[in-house]
Amino acid sequence: MGKAELPLHAPGTQVDKGYIGESTPRPNAQRLLQGRGAFTDDLRFPRLAHVAFFRSPYAHARIRKLSLEKARAQPGVVGVFDGRAVAEYCKPWVAVLAHLKGIKSPAQHAIAIERACWQGEACAAVVAESRTQAEDAVQHIEAEWEELPVVVDMEESLSGKRVIHPDLGDNICFKREHDTGGVEEIFAKADVVVEDTFHFGRHTGVCVEGRAILADYNAAEHSLTVYHATQAPHMMQDIFSRHLNIPEGNVRVIAKDVGGSFGIKVHVYADEMATAALSIMLRRPVKFVADRLESFLSDIHAREHRARVRLACTKAGEILAFDLDDLTAIGPYSVYPRTSGIEGNQVVNLTGGPYKHQKYRARMHVVFTNKNVTCQYRAVGHPIAVALTEGIVDLAAQKIGIDPADFRRKNLISDDAYPYTFPSGIKFEKLSHHKALDLLLRITNYAGLRAEQSRLRQQKIYRGIGLAAMIEVTNPSPAFYGVGGARISAQDGATLRLEPTGMVTVMCSVTEQGQGTEGIFAQIAASAVGVSIDKVRVITGDTGVTPYGGGTWASRGAGIGGEAVLLAGRALRANMLDVAAKMLSLDKAELDVRDNHVINRLTGEAKLPLAELGRVAYFRPDTLPIDFQSELTVTRHYTPRQYGFTFTNGIQASLVEVDPDTGFVKLLKHWCVEDSGTVINPMLVDEQIRGGVVQGIGAALYEECLYGPDGQLLNGNMADYLVPMAGEMPDIVCAHIETPTLQSQLGAKGVGEAGTAGAPAAVMNAINDALAPLGARVTRMPFTPERILQALKKV
Amino acid sequence: MKAPSFAYAKPRTLAEAFELIERPGAKILAGGQSLIPTLNMRLSAPELLVDITGLAGLSNIEAKNGAVRIGALCTHAMVERSPEVREHLPLLAEAMPHIAHPAIRNRGTLGGSLALADPAAELPACAVALDAVLIIASRKGERRVRAVEFFKGLFETDLKQGEILVGAEFPKAEKSAFVELTRRHGDYAIVGLAAVTKQRERRISLFGFADRPVLIRPGSLEEAKGSLPKPAADLYHSSATKLHLAKVLLERAWNRL
């Protein structure tokens, strides 16, 4: 893994390069590999009780009667509670945001009261001395149900024949229309109009570690400590405080090691809120860890869109307008506190995003159904928007008879057009679509691939090459949630402390989910302060320790948290030099810090080891001037302000071979060129992209939560729900353009979701490219062998 | 996902085992690769698990008299690595890497797979194609059953209360073909076939197709394609798709037989 080849920093940015741009191994990898991780389920507490939930077997049913007595009499049972009992301690919530105009959702309780609205919704809780005893006792809960009509199909939901929540009037959670004007006229007179309808399967993020929470209520202090596998500890602190009625200062949320999250662990889950409430009710620590079957039934799902898209262009291949109609179903509740309106909203914001056209119209409906809830999962809305855009762009290129790469070159926004406002209203600071396309064509040997493709076609080997250009939301400002009234921090903070030995301790509000955040913070801190990386320790994931901040989501950790670390590191270095100047009786301007020493800035001569500086500052301040106080702990915060989002761009390519007899798709190779600004750690960035691509491939080929007409999840286990596995994955080649954002000193944009955003579209276009000579085309993800055989009219 | 509580016994001799498995609610545990997940998912709740992996003499692989006898407790990994199997039973050797993943093959046993009789599993189909003889022991002694008669239906075999499958004899076959279609390597097949030629007769056993391996002995490829019954649909594939895919597999295997 080499260093990035391109200039690391744009003119005007000032970064002490240090470790930035190096593939430094992350310090926590060795600990995790040696089995010394501390995941929530690893924690042992005296008097720890375990909760298991009695979950609705029906997708929609009234709870006529719950008989809990038998369960209460089972061995080891501490308590059995229904929704009303838990509601005494936990206020319900309504997941709406003011900036999503008209969004509505019913109140949701920690444990369902009166009615279950999806199969798997928790309807009672059993707390016992062990999880086994709790599960045993759950089997003794008896319920009388009155089955209610079930709405599973989103078109049916939209039609409103049966309304899931009668008080809301209809099944529409949220709708949005956007129109630049002039779209109808353009379509009426355009040379070429193409149209297609795309379907996206409902799928979920499968984390290695299931959701996990251990809540420990201390009645003496009226305090609640929650060990939680979460992406956003401060958000959860606020939620626990408000819904469980404990002062915020008495709530501490600790996220130790987290085994993957992908957006799954950034939401409020009813069963987790119930667990915290149960700890208060029982005045003892209570733990809930979702097992794999519960995960499929209750972790948020995502996607499930049906979208019709039209594109108008000239004979010469100039795109004039996009027209979109998206429908998406989210289950019976909008998910708190981020809402389930965001994914559809993103589809409207982003569709057509890489291109120059000026006219755009979109209509989008988010509807309720009696399935598990959906919410933000890695790349929220992007995989839909990119597939719609790139699918219809390829169809247009095919109709006009232009190579897909040439068609994109004609229409991608020019690299010198920035700042740029896209017709959906979003603003781009600086993107590099053309540079990225050029680099992609070079690393794929695109011309060679096309030549090989036509040669092989003569032997009846059907290969396809699919391209997918993309834009991606990263480093969000408060425009994402805060402006809508959500108490979710868009700023993050870092505290850096020089220890007496010359070590540096970093405390940052962005969390580690296994992606290497702590590693890059160590790189940034070491570089900014001037110490070697082995001198840095990083602490994250504890509201009692770190500055306040948003945490990990929306590809914001490096760009926002990293900038806070950089600013704090610079400030700490300056404060260290103040001490050194006094100790050495030299002018601060003559000094700098490098390799754990205060040095002469001009000659590089080592003047003072930091351990000596620390010793004097902490233990012998009496030797410093009487009017001088050292400040060797520094905190800085950062919020992006100039742009609502710091957009990135990239382009992916997929090479596949389709077997027209079996409908099987073999993934031969995948490429991703990404411009995420300053690359802090090329190895981690590439692995983020590769992991993301694999999840995108999952969407394209494998993953779908299948529901029966009665709203029963049919494949909620690891044998029947197909996650992508290493054996079928192609080599994934990553390359980078670096256009640092000028909003920050660090220049980093987000990269965590890029792979997932573009891969489904690239694979889809590759399959359709392979199928083109056979007159077939697929638009319903995932592309199962059966769907491909049906397109080929073989079955 | 915690198993309901059960009693556990690990007999050292077959005699001890026979006594234990006759107790009410007893179930035989071998490699546990199918049974343990069903316990954890609370799909079954036996009162007593009789772990037979301590029984001696059930883990041998031996070639004699034109057949290879494989003990029921041989793991898939042992079969996969066996030189006797590679030499005399190329069909089995070809099939083994398709059984799940290495970790599962290290624990799962031949006897366990045959006794479970999952209709989508590889080994029952191979046993039927090869015309294997299954060796069943009980207090009354040993009896031998041909594979085609052993598999009675979905997870249903000829094994009776008090009986333990102790091994199987697979007649040697040189010409053979094994093909299956899975969306991910190691999954249960959408459809697959195990086939051999013996005395110029083609024996083709299809799996992932019906409630047990389907044996056909066609004279021609066209006859083979025409003789397939209507397969059962699965979560992702209709009956028509599975029938189409089975025909594709027949075409691909035919010329190797």
# chains A, B, ... in the order shown; residues from 1 in each chain; ligands from 1
>>> interface_residues(of="chain B", to="chain A", cutoff="10 Å", atoms="only C-alpha atoms", output="ChimeraX atom specification")
/B:1-5,41-42,181-188,235-249
>>> select_by_dssp(residues="stretch 16-253 of chain B", states="alpha helix (DSSP H)", output="VMD selection string")
chain B and resid 16 to 21 35 to 40 76 to 81 83 to 88 90 to 95 102 to 107 110 to 116 122 to 130 147 to 150 221 to 226 239 to 253
>>> write_last_selection(atoms="C-alpha atoms", output="short mmCIF file (atom, residue, chain, number, x, y, z; two decimals), in the first residue's frame")
data_model
loop_
_atom_site.label_atom_id
_atom_site.label_comp_id
_atom_site.auth_asym_id
_atom_site.auth_seq_id
_atom_site.Cartn_x
_atom_site.Cartn_y
_atom_site.Cartn_z
CA GLU B 16 -24.06 -47.87 26.55
CA ALA B 17 -25.24 -45.78 23.65
CA PHE B 18 -28.10 -48.12 22.79
CA GLU B 19 -29.33 -47.94 26.36
CA LEU B 20 -29.17 -44.15 26.38
CA ILE B 21 -30.86 -43.48 23.07
CA LEU B 35 -28.48 -30.03 15.72
CA ILE B 36 -26.87 -27.33 17.86
CA PRO B 37 -28.21 -24.42 15.78
CA THR B 38 -31.72 -25.90 15.96
CA LEU B 39 -31.36 -26.08 19.74
CA ASN B 40 -30.14 -22.50 19.97
CA HIS B 76 -16.14 -34.21 6.29
CA ALA B 77 -12.56 -33.00 6.54
CA MET B 78 -11.30 -36.56 7.05
CA VAL B 79 -13.24 -37.76 4.02
CA GLU B 80 -12.02 -34.79 2.02
CA ARG B 81 -8.39 -35.61 2.82
CA PRO B 83 -6.38 -40.93 -0.18
CA GLU B 84 -8.74 -43.93 -0.42
CA VAL B 85 -11.65 -41.66 -1.19
CA ARG B 86 -9.64 -39.71 -3.73
CA GLU B 87 -8.54 -42.89 -5.47
CA HIS B 88 -11.75 -44.92 -5.48
CA PRO B 90 -13.74 -39.35 -7.09
CA LEU B 91 -17.40 -38.34 -6.82
CA LEU B 92 -17.14 -37.92 -3.06
CA ALA B 93 -13.76 -36.24 -3.36
CA GLU B 94 -15.27 -33.74 -5.78
CA ALA B 95 -18.31 -33.15 -3.58
CA PRO B 102 -13.80 -25.61 6.45
CA ALA B 103 -14.76 -24.95 10.07
CA ILE B 104 -18.00 -26.87 9.60
CA ARG B 105 -16.27 -29.68 7.71
CA ASN B 106 -13.87 -30.04 10.63
CA ARG B 107 -16.73 -31.00 12.93
CA LEU B 110 -20.63 -38.23 7.38
CA GLY B 111 -23.05 -40.17 9.57
CA GLY B 112 -24.65 -36.99 10.85
CA SER B 113 -25.27 -35.66 7.38
CA LEU B 114 -26.73 -38.95 6.11
CA ALA B 115 -28.89 -39.43 9.21
CA LEU B 116 -30.22 -35.87 9.06
CA GLU B 122 -24.52 -33.20 -0.88
CA LEU B 123 -23.81 -36.49 0.88
CA PRO B 124 -27.25 -38.13 0.67
CA ALA B 125 -27.26 -37.47 -3.09
CA CYS B 126 -23.78 -38.94 -3.47
CA ALA B 127 -24.82 -42.00 -1.48
CA VAL B 128 -27.81 -42.55 -3.73
CA ALA B 129 -25.82 -42.06 -6.94
CA LEU B 130 -23.13 -44.47 -5.80
CA ALA B 147 -29.26 -45.52 0.20
CA VAL B 148 -32.18 -45.27 -2.17
CA GLU B 149 -34.34 -46.98 0.44
CA PHE B 150 -32.79 -45.19 3.42
CA LEU B 221 -29.66 -36.61 -22.23
CA GLU B 222 -33.06 -35.86 -23.69
CA GLU B 223 -34.57 -38.66 -21.65
CA ALA B 224 -32.82 -37.30 -18.57
CA LYS B 225 -34.26 -33.83 -19.09
CA GLY B 226 -37.70 -35.22 -19.79
CA SER B 239 -40.10 -24.47 -9.40
CA ALA B 240 -39.65 -23.47 -13.05
CA THR B 241 -36.27 -21.88 -12.34
CA LYS B 242 -35.05 -24.93 -10.47
CA LEU B 243 -36.20 -27.23 -13.26
CA HIS B 244 -34.41 -25.07 -15.82
CA LEU B 245 -31.23 -25.04 -13.72
CA ALA B 246 -31.38 -28.82 -13.25
CA LYS B 247 -31.51 -29.24 -17.01
CA VAL B 248 -28.49 -26.97 -17.40
CA LEU B 249 -26.61 -29.08 -14.87
CA LEU B 250 -27.57 -32.27 -16.70
CA GLU B 251 -26.14 -30.83 -19.91
CA ARG B 252 -22.94 -29.85 -18.14
CA ALA B 253 -22.45 -33.20 -16.45
#
>>> atom_distance(atom1="atom CA of A:Ala387", atom2="atom CA of A:Ser261")
23.6 Å
>>> closest_residue(among="B:Asp211, B:Glu163, B:Glu22, B:Glu156", to="B:Ala120", atoms="only C-alpha atoms")
B:Asp211
>>> closest_residue(among="B:Val196, B:Leu165, B:Leu49, B:Ile136", to="B:Ala26", atoms="only C-alpha atoms")
B:Leu49
>>> atom_distance(atom1="atom CA of B:Arg212", atom2="atom CA of B:Ala117")
7.3 Å
>>> residues_around(residues="A:Thr230", least_positions_apart="3", cutoff="7 Å", atoms="only C-alpha atoms", output="JSON, numbers by chain")
{"A": [233, 255, 265, 266]}
>>> residues_around(residues="A:Ala396", least_positions_apart="5", cutoff="8 Å", atoms="only C-alpha atoms", output="JSON list (two decimals) with N, CA, C and O atoms, in the first residue's frame")
[["chain", "number", "residue", "atom", "x", "y", "z"],
["A", 192, "VAL", "N", -34.32, 12.94, -27.41],
["A", 192, "VAL", "CA", -34.30, 11.59, -26.85],
["A", 192, "VAL", "C", -34.85, 11.63, -25.43],
["A", 192, "VAL", "O", -34.45, 12.45, -24.62],
["A", 193, "VAL", "N", -35.78, 10.71, -25.15],
["A", 193, "VAL", "CA", -36.29, 10.56, -23.79],
["A", 193, "VAL", "C", -36.19, 9.07, -23.42],
["A", 193, "VAL", "O", -36.61, 8.22, -24.20],
["A", 194, "VAL", "N", -35.60, 8.80, -22.31],
["A", 194, "VAL", "CA", -35.58, 7.41, -21.83],
["A", 194, "VAL", "C", -36.24, 7.37, -20.46],
["A", 194, "VAL", "O", -36.20, 8.33, -19.69],
["A", 311, "LEU", "N", -35.16, 10.65, -18.32],
["A", 311, "LEU", "CA", -34.06, 11.53, -18.66],
["A", 311, "LEU", "C", -34.32, 12.06, -20.08],
["A", 311, "LEU", "O", -34.70, 11.29, -20.97],
["A", 313, "CYS", "N", -32.50, 14.11, -23.30],
["A", 313, "CYS", "CA", -31.22, 14.62, -23.80],
["A", 313, "CYS", "C", -31.29, 14.92, -25.29],
["A", 313, "CYS", "O", -32.28, 14.59, -25.95]]
>>> select_by_dssp(residues="stretch 110-195 of chain B", states="strand (DSSP E or B)", output="ChimeraX atom specification")
/B:133-138,141-146,151-153,156-157,164-171,176-181,191-195
>>> residues_around(residues="stretch 199-203 of chain B", least_positions_apart="3", cutoff="8 Å", atoms="only C-alpha atoms", output="PyMOL selection string")
chain B and resi 129-130+195-196+215-219+257
>>> write_last_selection(atoms="all heavy atoms", output="PDB file, in the first residue's frame")
ATOM      1  N   ALA B 129     -26.429 -41.867  -5.613  1.00  0.00           N
ATOM      2  CA  ALA B 129     -25.824 -42.063  -6.941  1.00  0.00           C
ATOM      3  C   ALA B 129     -24.882 -43.262  -6.934  1.00  0.00           C
ATOM      4  O   ALA B 129     -24.854 -44.066  -7.871  1.00  0.00           O
ATOM      5  CB  ALA B 129     -25.072 -40.801  -7.360  1.00  0.00           C
ATOM      6  N   LEU B 130     -24.117 -43.387  -5.873  1.00  0.00           N
ATOM      7  CA  LEU B 130     -23.127 -44.469  -5.804  1.00  0.00           C
ATOM      8  C   LEU B 130     -23.764 -45.800  -5.407  1.00  0.00           C
ATOM      9  O   LEU B 130     -23.095 -46.834  -5.393  1.00  0.00           O
ATOM     10  CB  LEU B 130     -22.039 -44.107  -4.782  1.00  0.00           C
ATOM     11  CG  LEU B 130     -21.049 -43.040  -5.246  1.00  0.00           C
ATOM     12  CD1 LEU B 130     -20.317 -42.427  -4.052  1.00  0.00           C
ATOM     13  CD2 LEU B 130     -20.044 -43.623  -6.230  1.00  0.00           C
ATOM     14  N   ALA B 195     -23.476 -37.754  -9.957  1.00  0.00           N
ATOM     15  CA  ALA B 195     -23.753 -38.769 -10.991  1.00  0.00           C
ATOM     16  C   ALA B 195     -22.553 -39.669 -11.187  1.00  0.00           C
ATOM     17  O   ALA B 195     -21.402 -39.250 -11.060  1.00  0.00           O
ATOM     18  CB  ALA B 195     -24.103 -38.069 -12.299  1.00  0.00           C
ATOM     19  N   VAL B 196     -22.834 -40.932 -11.479  1.00  0.00           N
ATOM     20  CA  VAL B 196     -21.772 -41.891 -11.809  1.00  0.00           C
ATOM     21  C   VAL B 196     -22.232 -42.753 -12.983  1.00  0.00           C
ATOM     22  O   VAL B 196     -23.424 -42.825 -13.294  1.00  0.00           O
ATOM     23  CB  VAL B 196     -21.444 -42.828 -10.613  1.00  0.00           C
ATOM     24  CG1 VAL B 196     -20.886 -42.056  -9.449  1.00  0.00           C
ATOM     25  CG2 VAL B 196     -22.649 -43.641 -10.204  1.00  0.00           C
ATOM     26  N   LEU B 215     -33.327 -39.985  -7.892  1.00  0.00           N
ATOM     27  CA  LEU B 215     -32.437 -40.801  -8.724  1.00  0.00           C
ATOM     28  C   LEU B 215     -33.072 -41.030 -10.084  1.00  0.00           C
ATOM     29  O   LEU B 215     -34.228 -41.469 -10.174  1.00  0.00           O
ATOM     30  CB  LEU B 215     -32.178 -42.149  -8.041  1.00  0.00           C
ATOM     31  CG  LEU B 215     -31.271 -43.108  -8.833  1.00  0.00           C
ATOM     32  CD1 LEU B 215     -29.837 -42.587  -8.898  1.00  0.00           C
ATOM     33  CD2 LEU B 215     -31.303 -44.512  -8.222  1.00  0.00           C
ATOM     34  N   ILE B 216     -32.313 -40.710 -11.129  1.00  0.00           N
ATOM     35  CA  ILE B 216     -32.768 -41.084 -12.480  1.00  0.00           C
ATOM     36  C   ILE B 216     -31.664 -41.898 -13.141  1.00  0.00           C
ATOM     37  O   ILE B 216     -30.485 -41.745 -12.815  1.00  0.00           O
ATOM     38  CB  ILE B 216     -33.144 -39.850 -13.344  1.00  0.00           C
ATOM     39  CG1 ILE B 216     -31.973 -38.855 -13.417  1.00  0.00           C
ATOM     40  CG2 ILE B 216     -34.396 -39.176 -12.805  1.00  0.00           C
ATOM     41  CD1 ILE B 216     -32.205 -37.727 -14.403  1.00  0.00           C
ATOM     42  N   ARG B 217     -32.082 -42.810 -14.038  1.00  0.00           N
ATOM     43  CA  ARG B 217     -31.110 -43.643 -14.746  1.00  0.00           C
ATOM     44  C   ARG B 217     -31.401 -43.565 -16.233  1.00  0.00           C
ATOM     45  O   ARG B 217     -31.900 -44.501 -16.843  1.00  0.00           O
ATOM     46  CB  ARG B 217     -31.194 -45.090 -14.233  1.00  0.00           C
ATOM     47  CG  ARG B 217     -30.564 -45.221 -12.850  1.00  0.00           C
ATOM     48  CD  ARG B 217     -30.731 -46.575 -12.251  1.00  0.00           C
ATOM     49  NE  ARG B 217     -32.087 -46.797 -11.784  1.00  0.00           N
ATOM     50  CZ  ARG B 217     -32.495 -47.909 -11.176  1.00  0.00           C
ATOM     51  NH1 ARG B 217     -31.673 -48.914 -10.987  1.00  0.00           N
ATOM     52  NH2 ARG B 217     -33.735 -48.024 -10.780  1.00  0.00           N
ATOM     53  N   PRO B 218     -31.154 -42.407 -16.830  1.00  0.00           N
ATOM     54  CA  PRO B 218     -31.598 -42.158 -18.203  1.00  0.00           C
ATOM     55  C   PRO B 218     -30.663 -42.772 -19.237  1.00  0.00           C
ATOM     56  O   PRO B 218     -29.461 -42.922 -19.002  1.00  0.00           O
ATOM     57  CB  PRO B 218     -31.551 -40.640 -18.310  1.00  0.00           C
ATOM     58  CG  PRO B 218     -30.451 -40.254 -17.374  1.00  0.00           C
ATOM     59  CD  PRO B 218     -30.430 -41.253 -16.276  1.00  0.00           C
ATOM     60  N   GLY B 219     -31.236 -43.090 -20.379  1.00  0.00           N
ATOM     61  CA  GLY B 219     -30.431 -43.617 -21.484  1.00  0.00           C
ATOM     62  C   GLY B 219     -29.827 -42.503 -22.322  1.00  0.00           C
ATOM     63  O   GLY B 219     -28.780 -42.692 -22.943  1.00  0.00           O
ATOM     64  N   LEU B 257     -19.786 -38.298 -18.139  1.00  0.00           N
ATOM     65  CA  LEU B 257     -20.216 -39.617 -17.636  1.00  0.00           C
ATOM     66  C   LEU B 257     -20.008 -40.705 -18.693  1.00  0.00           C
ATOM     67  O   LEU B 257     -20.047 -40.438 -19.876  1.00  0.00           O
ATOM     68  CB  LEU B 257     -21.688 -39.570 -17.222  1.00  0.00           C
ATOM     69  CG  LEU B 257     -21.959 -38.641 -16.048  1.00  0.00           C
ATOM     70  CD1 LEU B 257     -23.446 -38.448 -15.846  1.00  0.00           C
ATOM     71  CD2 LEU B 257     -21.344 -39.205 -14.771  1.00  0.00           C
TER      72      LEU B 257
END
>>> residues_around(residues="A:Arg641", least_positions_apart="3", cutoff="8 Å", atoms="only C-alpha atoms", output="list of chain:residue names")
A:Ser477, A:Gly644, A:Gln743
>>> write_last_selection(atoms="C-alpha atoms", output="short mmCIF file (atom, residue, chain, number, x, y, z; two decimals), in the first residue's frame")
data_model
loop_
_atom_site.label_atom_id
_atom_site.label_comp_id
_atom_site.auth_asym_id
_atom_site.auth_seq_id
_atom_site.Cartn_x
_atom_site.Cartn_y
_atom_site.Cartn_z
CA SER A 477 -23.36 20.83 9.14
CA GLY A 644 -24.38 22.40 4.36
CA GLN A 743 -13.25 24.77 4.90
#
>>> closest_residue(among="A:Ala87, A:Val529, A:Val536, A:Ile384", to="A:Met781", atoms="only C-alpha atoms")
A:Ile384
>>> residues_around(residues="B:Leu134", least_positions_apart="2", cutoff="7 Å", atoms="only C-alpha atoms", output="NGL selection string")
:B and (132 or 136 or 144-147 or 167-169)
>>> closest_residue(among="B:Ile99, B:Ser59, B:Leu14, B:Ser34", to="B:Gly141", atoms="only C-alpha atoms")
B:Leu14
>>> closest_residue(among="B:Leu89, B:Gly162, B:Ala72, B:Val179", to="B:Ile135", atoms="only C-alpha atoms")
B:Ala72
>>> closest_residue(among="A:Val763, A:Val335, A:Ala277, A:Leu43", to="A:Ala107", atoms="only C-alpha atoms")
A:Val335
